[in-house]
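Student: Structure file model.pdb, PDB, C-alpha atoms, pLDDT in the B column, is pasted below:
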MODEL        1
ATOM      1  CA  ARG A   1     -78.326 -73.630  15.856  1.00 94.00           C
ATOM      2  CA  ILE A   2     -79.917 -76.860  14.778  1.00 96.00           C
ATOM      3  CA  LEU A   3     -79.858 -80.099  16.742  1.00 97.00           C
ATOM      4  CA  PHE A   4     -80.470 -83.547  15.298  1.00 95.00           C
ATOM      5  CA  LEU A   5     -81.214 -86.315  17.775  1.00 95.00           C
ATOM      6  CA  ASP A   6     -81.092 -89.616  15.949  1.00 92.00           C
ATOM      7  CA  ASP A   7     -79.517 -93.021  16.514  1.00 90.00           C
ATOM      8  CA  ASP A   8     -78.329 -93.273  12.874  1.00 88.00           C
ATOM      9  CA  ALA A   9     -74.731 -92.003  12.565  1.00 86.00           C
ATOM     10  CA  SER A  10     -74.772 -92.080   8.762  1.00 88.00           C
ATOM     11  CA  PHE A  11     -77.850 -89.832   8.743  1.00 86.00           C
ATOM     12  CA  HIS A  12     -76.020 -87.446  11.100  1.00 85.00           C
ATOM     13  CA  LYS A  13     -73.104 -87.233   8.711  1.00 88.00           C
ATOM     14  CA  MET A  14     -75.252 -86.576   5.641  1.00 89.00           C
ATOM     15  CA  VAL A  15     -77.486 -83.982   7.251  1.00 90.00           C
ATOM     16  CA  SER A  16     -74.601 -82.199   8.980  1.00 90.00           C
ATOM     17  CA  MET A  17     -72.578 -81.845   5.797  1.00 91.00           C
ATOM     18  CA  ARG A  18     -75.523 -80.540   3.817  1.00 90.00           C
ATOM     19  CA  LEU A  19     -76.806 -78.064   6.393  1.00 91.00           C
ATOM     20  CA  ARG A  20     -73.341 -76.783   7.308  1.00 92.00           C
ATOM     21  CA  ALA A  21     -72.788 -76.122   3.591  1.00 91.00           C
ATOM     22  CA  ASP A  22     -75.967 -74.005   3.742  1.00 89.00           C
ATOM     23  CA  GLY A  23     -74.475 -72.017   6.637  1.00 92.00           C
ATOM     24  CA  TYR A  24     -76.267 -73.580   9.608  1.00 93.00           C
ATOM     25  CA  LEU A  25     -74.624 -74.519  12.893  1.00 96.00           C
ATOM     26  CA  VAL A  26     -75.455 -78.188  13.356  1.00 96.00           C
ATOM     27  CA  THR A  27     -75.076 -80.422  16.396  1.00 96.00           C
ATOM     28  CA  THR A  28     -75.922 -84.099  16.327  1.00 94.00           C
ATOM     29  CA  HIS A  29     -76.528 -86.492  19.198  1.00 93.00           C
ATOM     30  CA  THR A  30     -77.496 -90.083  19.701  1.00 92.00           C
ATOM     31  CA  ASP A  31     -77.978 -89.538  23.445  1.00 93.00           C
ATOM     32  CA  ALA A  32     -81.421 -88.132  24.285  1.00 94.00           C
ATOM     33  CA  ALA A  33     -80.416 -86.878  27.745  1.00 94.00           C
ATOM     34  CA  LYS A  34     -77.505 -84.862  26.343  1.00 95.00           C
ATOM     35  CA  ALA A  35     -79.710 -83.417  23.612  1.00 95.00           C
ATOM     36  CA  VAL A  36     -82.375 -82.413  26.131  1.00 96.00           C
ATOM     37  CA  ASP A  37     -79.680 -80.770  28.301  1.00 97.00           C
ATOM     38  CA  LEU A  38     -78.461 -78.700  25.334  1.00 97.00           C
ATOM     39  CA  ILE A  39     -81.998 -77.469  24.769  1.00 97.00           C
ATOM     40  CA  ARG A  40     -82.463 -76.748  28.483  1.00 97.00           C
ATOM     41  CA  GLN A  41     -79.264 -74.664  28.436  1.00 97.00           C
ATOM     42  CA  GLY A  42     -80.528 -72.599  25.494  1.00 95.00           C
ATOM     43  CA  GLU A  43     -77.896 -73.921  23.081  1.00 94.00           C
ATOM     44  CA  VAL A  44     -80.433 -74.911  20.391  1.00 96.00           C
ATOM     45  CA  ASP A  45     -82.833 -72.897  18.231  1.00 95.00           C
ATOM     46  CA  VAL A  46     -84.497 -75.779  16.335  1.00 96.00           C
ATOM     47  CA  ALA A  47     -84.432 -79.492  17.159  1.00 97.00           C
ATOM     48  CA  PHE A  48     -85.122 -82.500  14.971  1.00 95.00           C
ATOM     49  CA  VAL A  49     -85.966 -85.600  16.993  1.00 95.00           C
ATOM     50  CA  ASP A  50     -86.093 -89.122  15.595  1.00 93.00           C
ATOM     51  CA  PHE A  51     -89.354 -90.947  16.239  1.00 89.00           C
ATOM     52  CA  LYS A  52     -87.774 -94.386  16.748  1.00 87.00           C
ATOM     53  CA  MET A  53     -84.763 -94.598  19.038  1.00 85.00           C
ATOM     54  CA  PRO A  54     -83.527 -97.370  21.340  1.00 81.00           C
ATOM     55  CA  GLN A  55     -83.994 -95.901  24.842  1.00 80.00           C
ATOM     56  CA  LEU A  56     -86.716 -93.266  24.440  1.00 82.00           C
ATOM     57  CA  ASN A  57     -88.869 -92.645  21.432  1.00 88.00           C
ATOM     58  CA  GLY A  58     -89.063 -89.192  19.937  1.00 90.00           C
ATOM     59  CA  ILE A  59     -92.462 -88.466  21.440  1.00 91.00           C
ATOM     60  CA  GLU A  60     -91.134 -89.144  24.945  1.00 93.00           C
ATOM     61  CA  VAL A  61     -88.181 -86.837  24.288  1.00 95.00           C
ATOM     62  CA  ILE A  62     -90.442 -84.089  22.925  1.00 95.00           C
ATOM     63  CA  ALA A  63     -92.751 -84.442  25.945  1.00 95.00           C
ATOM     64  CA  GLN A  64     -89.718 -83.956  28.252  1.00 96.00           C
ATOM     65  CA  ILE A  65     -88.667 -80.845  26.332  1.00 97.00           C
ATOM     66  CA  ARG A  66     -92.185 -79.415  26.454  1.00 96.00           C
ATOM     67  CA  GLU A  67     -92.112 -79.651  30.258  1.00 96.00           C
ATOM     68  CA  PHE A  68     -89.566 -76.812  30.360  1.00 97.00           C
ATOM     69  CA  ASN A  69     -89.760 -75.206  26.902  1.00 97.00           C
ATOM     70  CA  LYS A  70     -93.138 -74.743  25.242  1.00 94.00           C
ATOM     71  CA  THR A  71     -91.928 -72.727  22.251  1.00 93.00           C
ATOM     72  CA  ILE A  72     -88.743 -74.184  20.765  1.00 96.00           C
ATOM     73  CA  PRO A  73     -89.500 -75.483  17.261  1.00 95.00           C
ATOM     74  CA  LEU A  74     -89.399 -79.278  17.295  1.00 96.00           C
ATOM     75  CA  VAL A  75     -89.554 -81.443  14.197  1.00 93.00           C
ATOM     76  CA  LEU A  76     -90.206 -85.166  14.359  1.00 91.00           C
ATOM     77  CA  LEU A  77     -87.993 -87.293  12.097  1.00 89.00           C
ATOM     78  CA  THR A  78     -89.733 -90.356  10.748  1.00 82.00           C
ATOM     79  CA  GLY A  79     -89.093 -93.167   8.322  1.00 73.00           C
ATOM     80  CA  HIS A  80     -92.202 -91.911   6.568  1.00 61.00           C
ATOM     81  CA  ALA A  81     -94.601 -89.086   7.381  1.00 60.00           C
ATOM     82  CA  ASP A  82     -97.841 -90.485   8.726  1.00 65.00           C
ATOM     83  CA  THR A  83    -100.875 -88.221   9.200  1.00 68.00           C
ATOM     84  CA  ALA A  84    -102.111 -90.425  12.062  1.00 71.00           C
ATOM     85  CA  ILE A  85     -98.887 -89.712  13.966  1.00 70.00           C
ATOM     86  CA  MET A  86     -99.204 -86.003  13.224  1.00 69.00           C
ATOM     87  CA  ASP A  87    -102.781 -85.863  14.498  1.00 73.00           C
ATOM     88  CA  LYS A  88    -102.089 -87.956  17.591  1.00 73.00           C
ATOM     89  CA  TYR A  89     -99.308 -85.692  18.850  1.00 78.00           C
ATOM     90  CA  LYS A  90    -100.592 -82.220  17.924  1.00 77.00           C
ATOM     91  CA  HIS A  91    -100.887 -81.391  21.625  1.00 82.00           C
ATOM     92  CA  LEU A  92     -97.072 -81.414  21.871  1.00 88.00           C
ATOM     93  CA  ASN A  93     -96.867 -78.430  19.492  1.00 88.00           C
ATOM     94  CA  ILE A  94     -94.627 -80.202  17.005  1.00 89.00           C
ATOM     95  CA  HIS A  95     -93.647 -77.730  14.294  1.00 87.00           C
ATOM     96  CA  GLY A  96     -93.248 -80.266  11.530  1.00 83.00           C
ATOM     97  CA  PHE A  97     -92.473 -83.742  10.389  1.00 84.00           C
ATOM     98  CA  PHE A  98     -89.608 -84.740   8.130  1.00 87.00           C
ATOM     99  CA  ALA A  99     -89.465 -88.113   6.432  1.00 83.00           C
ATOM    100  CA  LYS A 100     -85.835 -89.191   6.262  1.00 80.00           C
ATOM    101  CA  MET A 101     -86.375 -90.362   2.705  1.00 75.00           C
ATOM    102  CA  ASN A 102     -87.161 -86.795   1.578  1.00 69.00           C
ATOM    103  CA  ASP A 103     -84.487 -84.858  -0.214  1.00 75.00           C
ATOM    104  CA  PHE A 104     -82.456 -82.160   1.466  1.00 78.00           C
ATOM    105  CA  LYS A 105     -84.161 -79.377  -0.486  1.00 81.00           C
ATOM    106  CA  LYS A 106     -87.319 -80.193   1.479  1.00 85.00           C
ATOM    107  CA  LEU A 107     -85.314 -80.162   4.708  1.00 88.00           C
ATOM    108  CA  SER A 108     -83.834 -76.751   3.895  1.00 87.00           C
ATOM    109  CA  SER A 109     -87.289 -75.437   2.992  1.00 88.00           C
ATOM    110  CA  LEU A 110     -88.743 -76.711   6.264  1.00 89.00           C
ATOM    111  CA  ILE A 111     -85.964 -75.040   8.254  1.00 91.00           C
ATOM    112  CA  GLN A 112     -86.503 -71.752   6.411  1.00 90.00           C
ATOM    113  CA  VAL A 113     -90.242 -71.830   7.148  1.00 90.00           C
ATOM    114  CA  ILE A 114     -89.556 -72.478  10.847  1.00 90.00           C
ATOM    115  CA  LEU A 115     -86.979 -69.694  11.035  1.00 87.00           C
ATOM    116  CA  ARG A 116     -89.306 -67.210   9.324  1.00 86.00           C
ATOM    117  CA  GLY A 117     -91.963 -68.111  11.888  1.00 83.00           C
ATOM    118  CA  MET A 118     -89.462 -67.502  14.687  1.00 79.00           C
ATOM    119  CA  ASP A 119     -88.574 -64.087  13.222  1.00 69.00           C
ATOM    120  CA  ARG A 120     -92.230 -63.044  13.144  1.00 66.00           C
ATOM    121  CA  SER A 121     -92.825 -64.085  16.733  1.00 61.00           C
ATOM    122  CA  ALA A 122     -89.685 -62.357  18.061  1.00 55.00           C
TER
ENDMDL
END
Could you render the structure as structure tokens?

Tutor:
Amino acid sequence: RILFLDDDASFHKMVSMRLRADGYLVTTHTDAAKAVDLIRQGEVDVAFVDFKMPQLNGIEVIAQIREFNKTIPLVLLTGHADTAIMDKYKHLNIHGFFAKMNDFKKLSSLIQVILRGMDRSA
């Protein structure tokens, strides 16, 4: 169960179609509070959170999630991966970064790596 929190509806459509074709259950939200509630209720296994959103930025959302769930894999969506961002927010235990301009093969690979890590820790 994969959640994408992003304010870009066209990105939601693209990513949902691709990942559902690969067999994943995908939920998308533009509302950070609703996305956080889904995670709090245990309805999500992996969450992708956009870095730049209108009300809260992705780091603020991830910090909220980490207050009640320290282990759920969280991936930060960015316009471009920036090592400075990665280093600055390591303390939030972010499991990865995905640049929206990357192709979907990289997205599928990232998800597979995260899921394998979850299997080993279970």

Student: Which residues, protein or nucleic acid, reach to within 12 Å of (-90.6, -84.3, 23.4) in the file's coordinates when using all atoms listed in the file, and can you give that as an NGL selection string?

Tutor: :A and (5 or 32-33 or 35-36 or 39 or 47-51 or 56-77 or 89-95)

Student: Any chance you could resolve the PyMOL selection byres ((chain A and resi 109-118) around 10) against this file and give the residues as a list in words?

Tutor: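 Expected selection for the PyMOL selection byres ((chain A and resi 109-118) around 10) here is Ile2, Leu19, Tyr24, Asp45, Val46, Thr71, Ile72, Pro73, Leu74, Val75, His95, Gly96, Phe97, Phe98, Phe104, Lys105, Lys106, Leu107, Ser108, Asp119, Arg120, Ser121 and Ala122 of chain A.
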
Student: Between atom CA of A:Ala99 and atom CA of A:Val44, what is the spacing in Å?

Tutor: 21.2 Å

Student: Find the distance between atom CA of A:Thr78 and atom CA of A:Asp103 and write it in Å to one decimal.

Tutor: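 Those two atoms sit 13.3 Å apart.
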
Student: Please indicate the distance in Å from atom CA of A:Gln41 to atom CA of A:Leu25, rounded to one decimal place.

Tutor: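 A separation of 16.2 Å between them.
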